[in-house]
file start27.tsv (TSV, C-alpha atoms)
chain	number	residue	atom	x	y	z
P	1	MET	CA	6.41	-8.46	60.45
P	2	PHE	CA	5.55	-12.12	59.90
P	3	GLU	CA	7.44	-14.49	62.16
P	4	PHE	CA	8.11	-18.06	61.14
P	5	PRO	CA	7.25	-20.61	63.80
P	6	ASN	CA	10.23	-21.81	65.81
P	7	ASP	CA	9.69	-25.29	64.41
P	8	ALA	CA	9.61	-24.21	60.75
P	9	LEU	CA	12.27	-26.76	59.80
P	10	SER	CA	10.32	-29.46	61.60
P	11	VAL	CA	7.23	-28.49	59.62
P	12	LEU	CA	9.21	-28.91	56.40
P	13	ARG	CA	10.56	-32.28	57.53
P	14	ASP	CA	7.14	-33.50	58.63
P	15	HIS	CA	5.82	-32.82	55.12
P	16	ASP	CA	8.85	-34.42	53.41
P	17	LEU	CA	9.94	-31.03	52.10
P	18	LEU	CA	13.48	-30.87	53.50
P	19	PRO	CA	15.97	-33.24	51.85
P	20	ASP	CA	19.07	-34.29	53.75
P	21	GLY	CA	22.24	-32.40	52.91
P	22	HIS	CA	20.64	-29.03	52.20
P	23	ARG	CA	22.98	-26.04	52.26
P	24	CYS	CA	20.56	-23.33	53.30
P	25	VAL	CA	16.89	-22.62	53.90
P	26	PHE	CA	15.43	-19.12	53.75
P	27	ALA	CA	12.08	-17.44	53.23
P	28	GLY	CA	11.09	-14.47	51.08
P	29	GLY	CA	8.09	-12.70	49.66
P	30	SER	CA	5.34	-10.42	50.89
P	31	LEU	CA	5.01	-11.94	54.37
P	32	ILE	CA	8.71	-11.41	55.05
P	33	ARG	CA	8.43	-7.81	53.87
P	34	GLY	CA	5.51	-7.21	56.23
P	35	TRP	CA	3.13	-6.71	53.32
P	36	GLY	CA	1.20	-9.96	53.44
P	37	ASN	CA	-2.21	-10.83	54.79
P	38	ALA	CA	-4.18	-13.81	56.01
P	39	THR	CA	-4.31	-15.36	52.54
P	40	SER	CA	-0.68	-14.73	51.54
P	41	ASP	CA	1.53	-17.70	50.70
P	42	ILE	CA	4.75	-18.54	52.50
P	43	ASP	CA	7.67	-18.73	50.04
P	44	VAL	CA	10.51	-20.97	51.19
P	45	PHE	CA	13.76	-21.66	49.31
P	46	VAL	CA	15.91	-24.74	49.89
P	47	VAL	CA	19.45	-24.72	48.45
P	48	LEU	CA	20.92	-28.09	47.46
P	49	ASP	CA	24.10	-29.46	45.90
P	50	GLU	CA	22.29	-32.12	43.90
P	51	PRO	CA	18.72	-32.58	42.67
P	52	ALA	CA	16.57	-34.01	45.43
P	53	GLY	CA	13.98	-36.72	45.13
P	54	VAL	CA	11.13	-34.44	46.18
P	55	ALA	CA	7.87	-34.84	44.31
P	56	SER	CA	7.30	-31.40	42.84
P	57	THR	CA	3.97	-29.74	42.15
P	58	ILE	CA	5.35	-27.73	39.24
P	59	SER	CA	8.66	-27.05	37.51
P	60	ALA	CA	9.42	-23.39	36.88
P	61	PRO	CA	11.59	-22.79	33.78
P	62	VAL	CA	14.86	-20.90	34.18
P	63	GLY	CA	17.48	-19.98	31.58
P	64	LEU	CA	20.24	-21.96	33.27
P	65	ASP	CA	22.12	-25.19	32.53
P	66	ALA	CA	19.76	-26.96	34.91
P	67	GLY	CA	16.70	-25.55	33.17
P	68	ALA	CA	14.01	-25.87	35.82
P	69	VAL	CA	13.40	-25.14	39.49
P	70	HIS	CA	11.17	-27.64	41.21
P	71	VAL	CA	8.40	-26.31	43.44
P	72	ARG	CA	6.30	-28.19	45.97
P	73	SER	CA	3.15	-26.67	47.47
P	74	VAL	CA	1.44	-27.83	50.66
P	75	TYR	CA	-1.06	-26.38	53.10
P	76	VAL	CA	-0.04	-26.03	56.73
P	77	ASP	CA	-2.70	-24.82	59.18
P	78	GLY	CA	-4.69	-23.35	56.32
P	79	ARG	CA	-1.82	-21.40	54.75
P	80	ARG	CA	-0.07	-22.46	51.56
P	81	TRP	CA	3.68	-23.02	51.64
P	82	ASP	CA	5.47	-22.87	48.27
P	83	VAL	CA	8.87	-24.52	48.61
P	84	GLU	CA	11.39	-23.99	45.80
P	85	TYR	CA	14.45	-26.20	45.38
P	86	TRP	CA	17.43	-24.37	43.91
P	87	LEU	CA	20.79	-25.95	43.18
P	88	GLU	CA	23.80	-23.97	44.33
P	89	SER	CA	25.10	-24.28	40.76
P	90	GLN	CA	21.92	-22.57	39.46
P	91	ILE	CA	22.34	-19.68	41.88
P	92	ALA	CA	26.02	-19.37	40.95
P	93	GLN	CA	25.15	-19.24	37.24
P	94	LEU	CA	22.36	-16.72	37.84
P	95	LEU	CA	24.67	-14.41	39.79
P	96	GLU	CA	27.25	-14.72	37.02
P	97	LYS	CA	24.55	-13.56	34.59
P	98	VAL	CA	24.16	-10.35	36.58
P	99	SER	CA	27.83	-9.85	37.40
P	100	PRO	CA	29.42	-6.42	36.91
P	101	SER	CA	31.55	-7.77	34.05
P	102	GLU	CA	28.55	-9.14	32.18
P	103	PHE	CA	26.66	-5.88	32.69
P	104	ALA	CA	29.65	-3.87	31.46
P	105	SER	CA	29.81	-6.02	28.32
P	106	GLY	CA	26.76	-4.22	26.92
P	107	LYS	CA	24.83	-7.41	26.28
P	108	ASP	CA	21.05	-7.43	26.67
P	109	ILE	CA	21.45	-9.44	29.86
P	110	GLY	CA	18.16	-8.40	31.37
P	111	LEU	CA	16.19	-9.81	28.46
P	112	TRP	CA	17.84	-13.19	29.10
P	113	LEU	CA	16.46	-13.35	32.63
P	114	THR	CA	13.30	-15.38	33.00
P	115	PRO	CA	10.50	-14.03	35.21
P	116	HIS	CA	11.28	-16.75	37.75
P	117	GLU	CA	14.92	-15.68	37.91
P	118	VAL	CA	13.93	-12.06	38.54
P	119	ASP	CA	11.49	-13.23	41.21
P	120	PHE	CA	14.26	-15.21	42.93
P	121	LEU	CA	16.64	-12.23	42.94
P	122	ASP	CA	13.89	-10.07	44.41
P	123	LYS	CA	13.01	-12.48	47.20
P	124	PHE	CA	16.61	-13.46	47.99
P	125	SER	CA	17.56	-9.79	48.37
P	126	SER	CA	15.02	-9.32	51.19
P	127	SER	CA	14.91	-12.82	52.64
P	128	GLN	CA	14.84	-14.22	56.16
P	129	LEU	CA	17.30	-16.94	57.13
P	130	LEU	CA	15.89	-20.18	58.50
P	131	HIS	CA	18.98	-22.41	58.39
P	132	GLY	CA	22.56	-22.24	57.08
P	133	GLY	CA	23.87	-18.86	58.16
P	134	ASP	CA	27.39	-19.19	56.72
P	135	TRP	CA	26.08	-20.04	53.25
P	136	PHE	CA	23.43	-17.33	53.49
P	137	GLU	CA	25.87	-14.56	54.41
P	138	GLN	CA	28.37	-15.57	51.72
P	139	TRP	CA	25.86	-15.71	48.89
P	140	ARG	CA	23.88	-12.65	49.94
P	141	GLY	CA	27.22	-10.85	49.83
P	142	ARG	CA	27.75	-12.08	46.27
P	143	LEU	CA	24.30	-10.83	45.34
P	144	GLU	CA	24.98	-7.37	46.75
P	145	ALA	CA	28.33	-7.24	44.92
P	146	SER	CA	26.63	-8.05	41.62
P	147	ALA	CA	25.01	-5.65	39.15
P	148	TYR	CA	21.56	-7.17	39.61
P	149	ARG	CA	19.87	-3.83	40.29
P	150	SER	CA	21.21	-2.28	37.10
P	151	VAL	CA	20.48	-5.41	35.05
P	152	VAL	CA	16.86	-5.57	36.18
P	153	ALA	CA	16.47	-1.81	35.70
P	154	VAL	CA	17.72	-2.01	32.11
P	155	ARG	CA	15.39	-4.95	31.51
P	156	ALA	CA	12.37	-2.93	32.65
P	157	LEU	CA	13.41	0.19	30.73
P	158	ASP	CA	13.86	-1.85	27.55
P	159	TYR	CA	10.25	-2.99	27.91
P	160	TYR	CA	9.25	0.62	28.57
P	161	ASP	CA	10.88	1.70	25.29
P	162	ASN	CA	8.97	-0.98	23.37
P	163	TYR	CA	5.61	0.07	24.76
P	164	ALA	CA	6.39	3.77	24.34
P	165	GLU	CA	7.01	3.15	20.63
P	166	ASP	CA	3.66	1.37	20.46
P	167	VAL	CA	1.92	4.37	22.01
P	168	VAL	CA	3.35	6.72	19.39
P	169	GLY	CA	2.36	4.44	16.52
P	170	GLN	CA	-1.12	3.76	17.87
P	171	LEU	CA	-1.87	7.44	18.43
P	172	ALA	CA	-0.68	8.20	14.90
P	173	THR	CA	-3.22	5.76	13.46
P	174	GLY	CA	-6.05	6.88	15.73
P	175	ASP	CA	-6.06	3.66	17.75
P	176	THR	CA	-6.64	5.52	20.99
P	177	GLU	CA	-7.88	2.58	23.05
P	178	SER	CA	-4.74	0.57	22.34
P	179	ALA	CA	-2.60	3.62	23.02
P	180	VAL	CA	-4.14	4.00	26.48
P	181	LEU	CA	-3.42	0.37	27.32
P	182	SER	CA	0.12	0.58	25.96
P	183	ALA	CA	0.70	3.76	27.95
P	184	LYS	CA	-0.37	1.98	31.15
P	185	ALA	CA	2.16	-0.78	30.42
P	186	ALA	CA	4.90	1.71	29.48
P	187	PHE	CA	4.36	3.65	32.70
P	188	GLY	CA	4.55	0.50	34.81
P	189	TYR	CA	7.84	-0.58	33.26
P	190	ALA	CA	9.34	2.90	33.61
P	191	ILE	CA	8.47	2.93	37.32
P	192	ASP	CA	9.76	-0.61	37.76
P	193	GLY	CA	13.05	0.39	36.13
P	194	VAL	CA	13.57	3.26	38.55
P	195	LEU	CA	12.58	1.20	41.59
P	196	ALA	CA	14.99	-1.59	40.59
P	197	LEU	CA	17.89	0.82	41.00
P	198	TYR	CA	16.81	1.20	44.62
P	199	GLY	CA	16.70	-2.57	45.10
P	200	GLU	CA	12.91	-2.74	44.85
P	201	PHE	CA	11.62	-4.93	42.07
P	202	GLY	CA	9.27	-7.78	41.48
P	203	SER	CA	6.78	-9.13	39.01
P	204	GLY	CA	3.37	-7.59	38.44
P	205	THR	CA	1.68	-4.50	39.80
P	206	LYS	CA	0.35	-5.90	43.08
P	207	TRP	CA	3.12	-4.56	45.29
P	208	ARG	CA	4.33	-1.63	43.17
P	209	ALA	CA	2.95	1.05	45.51
P	210	ARG	CA	4.50	-0.72	48.48
P	211	ARG	CA	7.82	-0.97	46.66
P	212	PHE	CA	7.64	2.72	45.79
P	213	LEU	CA	7.05	3.70	49.41
P	214	ALA	CA	9.93	1.48	50.53
P	215	ALA	CA	12.32	2.93	47.91
P	216	GLN	CA	11.35	6.62	48.20
P	217	PRO	CA	13.00	7.44	44.83
P	218	LYS	CA	14.27	10.98	44.59
P	219	GLU	CA	13.28	11.24	40.92
P	220	MET	CA	9.55	11.66	41.65
P	221	SER	CA	7.02	12.02	44.43
P	222	PHE	CA	4.54	9.37	45.46
P	223	ASP	CA	1.68	11.73	44.59
P	224	ASP	CA	2.94	12.07	41.01
P	225	TYR	CA	3.40	8.32	40.74
P	226	TRP	CA	-0.01	7.55	42.22
P	227	ALA	CA	-1.80	10.04	39.96
P	228	PHE	CA	-0.61	8.16	36.87
P	229	GLU	CA	-0.98	4.71	38.43
P	230	THR	CA	-4.65	5.43	39.14
P	231	MET	CA	-5.17	7.35	35.86
P	232	ARG	CA	-6.40	10.35	37.85
P	233	THR	CA	-6.14	12.77	34.92
P	234	PHE	CA	-7.72	10.50	32.32
P	235	ASP	CA	-10.58	12.29	30.55
P	236	PRO	CA	-12.95	10.01	28.58
P	237	ALA	CA	-13.88	12.97	26.39
P	238	PHE	CA	-10.24	13.33	25.25
P	239	PRO	CA	-8.70	9.88	25.78
P	240	GLU	CA	-5.69	10.59	23.57
P	241	ARG	CA	-4.37	13.19	26.00
P	242	TRP	CA	-3.57	10.73	28.77
P	243	PRO	CA	-1.11	8.56	26.75
P	244	GLU	CA	0.62	11.77	25.67
P	245	GLU	CA	0.91	12.90	29.31
P	246	VAL	CA	2.30	9.50	30.28
P	247	LEU	CA	5.01	9.62	27.62
P	248	LEU	CA	6.06	13.15	28.59
P	249	PHE	CA	6.27	12.16	32.25
P	250	CYS	CA	8.17	8.94	31.55
P	251	ARG	CA	10.65	10.58	29.20
P	252	ASP	CA	11.45	13.18	31.84
P	253	LEU	CA	11.70	10.47	34.50
P	254	CYS	CA	14.05	8.30	32.45
P	255	SER	CA	16.28	11.29	31.73
P	256	LYS	CA	16.94	11.55	35.49
P	257	VAL	CA	18.14	8.00	36.11
P	258	ASP	CA	21.58	6.48	35.69
P	259	VAL	CA	21.62	2.71	35.42
P	260	GLY	CA	25.39	2.60	35.99
call {"tool": "encode", "arguments": {"input": "start27.tsv", "output": "structure tokens"}}
result
Amino acid sequence: MFEFPNDALSVLRDHDLLPDGHRCVFAGGSLIRGWGNATSDIDVFVVLDEPAGVASTISAPVGLDAGAVHVRSVYVDGRRWDVEYWLESQIAQLLEKVSPSEFASGKDIGLWLTPHEVDFLDKFSSSQLLHGGDWFEQWRGRLEASAYRSVVAVRALDYYDNYAEDVVGQLATGDTESAVLSAKAAFGYAIDGVLALYGEFGSGTKWRARRFLAAQPKEMSFDDYWAFETMRTFDPAFPERWPEEVLLFCRDLCSKVDVG
């Protein structure tokens, strides 16, 4: 597993990345999970009470009262560090979004989450503390007590439903090529929905196999998953059969899960 240097906070200070009065500093992402490589970025999160005067590289939009998270990127010894600055009030509002009461309300909460919010929940759930242990333990406890797994699962399964409907319509009109592409997307969202219930979720397909192996979902085997992920049974002579197989598999899979 990747180990931060002992002077990680000094590195942040030396690059003017660590404002005074921060509540907590932690790291997340592929390197922390042991999945990274020599070109992987370091993702660092700094929690603040008030906006800091740090010159940001980008501002990532979030659906919160403070509608952006500022990000600063620098290179340290040839590796990029992406440092995100989150207000405690933003984290509190995000966790309220995924609270058990909000989930029980039946609202389409998951569709209100921005990709950056989902990414934060993913990385915070498997993060490594760098500074501020009391804050870290308290707020990680709030995350675990929330309904974030169910919310993200419902979000993914809603997207699965949309793409599954597209597959049916495209096959009906003979648009086989589009049906194949929609089936690939539907399959990915169905898998992501199941993995979210096991606390394994993230954006994109890059780490899906790793997340599957970490979760070990009881609803399917890795071999079955990998066969569809790699389109092992796709036959160019009968391309319409593969989308049909995907839908049958995904419908059976979704019938086995309980989002709570």
call {"tool": "residues_around", "arguments": {"input": "start27.tsv", "residues": "Pro115 in chain P", "least_positions_apart": "6", "cutoff": "12 Å", "atoms": "only C-alpha atoms", "output": "PDB file with C-alpha atoms, in the coordinates of the input"}}
result
ATOM      1  CA  ALA P  60       9.420 -23.390  36.880  1.00  0.00           C
ATOM      2  CA  PRO P  61      11.590 -22.790  33.780  1.00  0.00           C
ATOM      3  CA  VAL P  62      14.860 -20.900  34.180  1.00  0.00           C
ATOM      4  CA  GLY P  63      17.480 -19.980  31.580  1.00  0.00           C
ATOM      5  CA  LEU P 121      16.640 -12.230  42.940  1.00  0.00           C
ATOM      6  CA  ASP P 122      13.890 -10.070  44.410  1.00  0.00           C
ATOM      7  CA  VAL P 152      16.860  -5.570  36.180  1.00  0.00           C
ATOM      8  CA  ARG P 155      15.390  -4.950  31.510  1.00  0.00           C
ATOM      9  CA  ALA P 156      12.370  -2.930  32.650  1.00  0.00           C
ATOM     10  CA  PHE P 201      11.620  -4.930  42.070  1.00  0.00           C
ATOM     11  CA  GLY P 202       9.270  -7.780  41.480  1.00  0.00           C
ATOM     12  CA  SER P 203       6.780  -9.130  39.010  1.00  0.00           C
ATOM     13  CA  GLY P 204       3.370  -7.590  38.440  1.00  0.00           C
TER      14      GLY P 204
END
call {"tool": "atom_distance", "arguments": {"input": "start27.tsv", "atom1": "CA of Phe45 in chain P", "atom2": "CA of Ile58 in chain P"}}
result
14.5 Å
call {"tool": "residues_around", "arguments": {"input": "start27.tsv", "residues": "Ala183 in chain P", "least_positions_apart": "4", "cutoff": "7 Å", "atoms": "all atoms listed in the file", "output": "list in words"}}
result
Tyr163, Ala164, Val167, Ala179, Phe187, Pro243 and Val246 of chain P
call {"tool": "atom_distance", "arguments": {"input": "start27.tsv", "atom1": "CA of Val44 in chain P", "atom2": "CA of Phe26 in chain P"}}
result
5.8 Å
call {"tool": "closest_residue", "arguments": {"input": "start27.tsv", "among": "P:Asp134, P:Trp35, P:Val118, P:Ser178", "to": "Lys206 in chain P", "atoms": "all atoms listed in the file"}}
result
P:Trp35
call {"tool": "closest_residue", "arguments": {"input": "start27.tsv", "among": "P:Ala147, P:Ala55, P:Leu197, P:Ala38", "to": "His15 in chain P", "atoms": "only C-alpha atoms"}}
result
P:Ala55
call {"tool": "residues_near_point", "arguments": {"input": "start27.tsv", "point": "(12.9, 7.1, 33.9)", "cutoff": "9 Å", "atoms": "all atoms listed in the file", "output": "list of chain:residue names"}}
result
P:Leu157, P:Ala190, P:Ile191, P:Gly193, P:Val194, P:Glu219, P:Phe249, P:Cys250, P:Arg251, P:Asp252, P:Leu253, P:Cys254, P:Ser255, P:Lys256, P:Val257, P:Asp258
call {"tool": "closest_atom_pairs", "arguments": {"input": "start27.tsv", "of": "range 126-241 of chain P", "to": "range 19-25 of chain P", "cutoff": "7 Å", "atoms": "all atoms listed in the file", "output": "JSON lines"}}
result
{"residue": "P:Leu129", "atom": "CA", "partner": "P:Val25", "partner_atom": "CA", "distance": 6.5}
{"residue": "P:Leu130", "atom": "CA", "partner": "P:Val25", "partner_atom": "CA", "distance": 5.3}
{"residue": "P:His131", "atom": "CA", "partner": "P:Val25", "partner_atom": "CA", "distance": 5.0}
{"residue": "P:Gly132", "atom": "CA", "partner": "P:Cys24", "partner_atom": "CA", "distance": 4.4}
{"residue": "P:Trp135", "atom": "CA", "partner": "P:Cys24", "partner_atom": "CA", "distance": 6.4}
{"residue": "P:Phe136", "atom": "CA", "partner": "P:Cys24", "partner_atom": "CA", "distance": 6.7}
call {"tool": "closest_residue", "arguments": {"input": "start27.tsv", "among": "P:Ser127, P:Arg208, P:Val46, P:Asn37", "to": "Asp82 in chain P", "atoms": "all atoms listed in the file"}}
result
P:Val46
call {"tool": "atom_distance", "arguments": {"input": "start27.tsv", "atom1": "CA of Glu165 in chain P", "atom2": "CA of Gly260 in chain P"}}
result
24.0 Å
call {"tool": "closest_residue", "arguments": {"input": "start27.tsv", "among": "P:Glu137, P:Asp192, P:Glu229, P:Glu84", "to": "Ala68 in chain P", "atoms": "all atoms listed in the file"}}
result
P:Glu84
call {"tool": "decode", "arguments": {"input": "start27.tsv", "residues": "range 72-99 of chain P", "atoms": "N, CA and C atoms", "output": "PDB file, in the first residue's frame"}}
result
ATOM      1  N   ARG P  72      -6.493  22.504  -6.176  1.00  0.00           N
ATOM      2  CA  ARG P  72      -5.179  23.003  -6.579  1.00  0.00           C
ATOM      3  C   ARG P  72      -4.312  21.798  -6.931  1.00  0.00           C
ATOM      4  N   SER P  73      -3.648  21.853  -8.059  1.00  0.00           N
ATOM      5  CA  SER P  73      -2.787  20.755  -8.506  1.00  0.00           C
ATOM      6  C   SER P  73      -1.343  21.227  -8.595  1.00  0.00           C
ATOM      7  N   VAL P  74      -0.444  20.428  -8.042  1.00  0.00           N
ATOM      8  CA  VAL P  74       0.993  20.710  -8.129  1.00  0.00           C
ATOM      9  C   VAL P  74       1.728  19.395  -8.355  1.00  0.00           C
ATOM     10  N   TYR P  75       2.945  19.494  -8.839  1.00  0.00           N
ATOM     11  CA  TYR P  75       3.793  18.318  -9.002  1.00  0.00           C
ATOM     12  C   TYR P  75       4.873  18.330  -7.929  1.00  0.00           C
ATOM     13  N   VAL P  76       4.994  17.201  -7.236  1.00  0.00           N
ATOM     14  CA  VAL P  76       5.993  17.027  -6.194  1.00  0.00           C
ATOM     15  C   VAL P  76       6.807  15.779  -6.537  1.00  0.00           C
ATOM     16  N   ASP P  77       8.082  15.962  -6.811  1.00  0.00           N
ATOM     17  CA  ASP P  77       8.961  14.846  -7.181  1.00  0.00           C
ATOM     18  C   ASP P  77       8.384  14.034  -8.333  1.00  0.00           C
ATOM     19  N   GLY P  78       7.820  14.731  -9.299  1.00  0.00           N
ATOM     20  CA  GLY P  78       7.325  14.081 -10.507  1.00  0.00           C
ATOM     21  C   GLY P  78       5.936  13.491 -10.416  1.00  0.00           C
ATOM     22  N   ARG P  79       5.299  13.563  -9.234  1.00  0.00           N
ATOM     23  CA  ARG P  79       3.947  13.028  -9.083  1.00  0.00           C
ATOM     24  C   ARG P  79       2.979  14.171  -8.807  1.00  0.00           C
ATOM     25  N   ARG P  80       1.808  14.105  -9.458  1.00  0.00           N
ATOM     26  CA  ARG P  80       0.837  15.180  -9.273  1.00  0.00           C
ATOM     27  C   ARG P  80       0.054  14.992  -7.984  1.00  0.00           C
ATOM     28  N   TRP P  81      -0.089  16.063  -7.241  1.00  0.00           N
ATOM     29  CA  TRP P  81      -0.929  16.107  -6.056  1.00  0.00           C
ATOM     30  C   TRP P  81      -2.138  16.970  -6.382  1.00  0.00           C
ATOM     31  N   ASP P  82      -3.340  16.421  -6.250  1.00  0.00           N
ATOM     32  CA  ASP P  82      -4.583  17.181  -6.395  1.00  0.00           C
ATOM     33  C   ASP P  82      -5.137  17.423  -4.997  1.00  0.00           C
ATOM     34  N   VAL P  83      -5.185  18.672  -4.592  1.00  0.00           N
ATOM     35  CA  VAL P  83      -5.622  19.026  -3.245  1.00  0.00           C
ATOM     36  C   VAL P  83      -6.986  19.714  -3.333  1.00  0.00           C
ATOM     37  N   GLU P  84      -7.986  19.102  -2.697  1.00  0.00           N
ATOM     38  CA  GLU P  84      -9.342  19.653  -2.696  1.00  0.00           C
ATOM     39  C   GLU P  84      -9.624  20.317  -1.350  1.00  0.00           C
ATOM     40  N   TYR P  85     -10.305  21.458  -1.416  1.00  0.00           N
ATOM     41  CA  TYR P  85     -10.623  22.221  -0.211  1.00  0.00           C
ATOM     42  C   TYR P  85     -12.132  22.190   0.015  1.00  0.00           C
ATOM     43  N   TRP P  86     -12.529  21.424   1.019  1.00  0.00           N
ATOM     44  CA  TRP P  86     -13.942  21.267   1.359  1.00  0.00           C
ATOM     45  C   TRP P  86     -14.239  22.026   2.646  1.00  0.00           C
ATOM     46  N   LEU P  87     -15.351  22.743   2.651  1.00  0.00           N
ATOM     47  CA  LEU P  87     -15.818  23.362   3.889  1.00  0.00           C
ATOM     48  C   LEU P  87     -16.532  22.304   4.725  1.00  0.00           C
ATOM     49  N   GLU P  88     -16.398  22.414   6.026  1.00  0.00           N
ATOM     50  CA  GLU P  88     -17.136  21.490   6.893  1.00  0.00           C
ATOM     51  C   GLU P  88     -18.636  21.603   6.630  1.00  0.00           C
ATOM     52  N   SER P  89     -19.108  22.797   6.335  1.00  0.00           N
ATOM     53  CA  SER P  89     -20.539  22.987   6.063  1.00  0.00           C
ATOM     54  C   SER P  89     -20.962  22.250   4.798  1.00  0.00           C
ATOM     55  N   GLN P  90     -20.081  22.156   3.800  1.00  0.00           N
ATOM     56  CA  GLN P  90     -20.393  21.396   2.582  1.00  0.00           C
ATOM     57  C   GLN P  90     -20.502  19.906   2.891  1.00  0.00           C
ATOM     58  N   ILE P  91     -19.588  19.414   3.692  1.00  0.00           N
ATOM     59  CA  ILE P  91     -19.615  17.986   4.044  1.00  0.00           C
ATOM     60  C   ILE P  91     -20.860  17.676   4.861  1.00  0.00           C
ATOM     61  N   ALA P  92     -21.204  18.588   5.783  1.00  0.00           N
ATOM     62  CA  ALA P  92     -22.411  18.385   6.594  1.00  0.00           C
ATOM     63  C   ALA P  92     -23.653  18.341   5.710  1.00  0.00           C
ATOM     64  N   GLN P  93     -23.738  19.238   4.739  1.00  0.00           N
ATOM     65  CA  GLN P  93     -24.902  19.272   3.848  1.00  0.00           C
ATOM     66  C   GLN P  93     -24.937  18.038   2.954  1.00  0.00           C
ATOM     67  N   LEU P  94     -23.771  17.584   2.491  1.00  0.00           N
ATOM     68  CA  LEU P  94     -23.720  16.381   1.658  1.00  0.00           C
ATOM     69  C   LEU P  94     -24.175  15.163   2.443  1.00  0.00           C
ATOM     70  N   LEU P  95     -23.728  15.024   3.687  1.00  0.00           N
ATOM     71  CA  LEU P  95     -24.146  13.873   4.492  1.00  0.00           C
ATOM     72  C   LEU P  95     -25.625  13.948   4.847  1.00  0.00           C
ATOM     73  N   GLU P  96     -26.156  15.148   4.951  1.00  0.00           N
ATOM     74  CA  GLU P  96     -27.601  15.291   5.171  1.00  0.00           C
ATOM     75  C   GLU P  96     -28.367  14.822   3.935  1.00  0.00           C
ATOM     76  N   LYS P  97     -27.817  15.078   2.754  1.00  0.00           N
ATOM     77  CA  LYS P  97     -28.435  14.611   1.512  1.00  0.00           C
ATOM     78  C   LYS P  97     -28.615  13.093   1.510  1.00  0.00           C
ATOM     79  N   VAL P  98     -27.643  12.394   2.093  1.00  0.00           N
ATOM     80  CA  VAL P  98     -27.662  10.928   2.044  1.00  0.00           C
ATOM     81  C   VAL P  98     -28.017  10.335   3.404  1.00  0.00           C
ATOM     82  N   SER P  99     -28.725  11.107   4.210  1.00  0.00           N
ATOM     83  CA  SER P  99     -29.129  10.631   5.530  1.00  0.00           C
ATOM     84  C   SER P  99     -30.218   9.567   5.390  1.00  0.00           C
TER      85      SER P  99
END
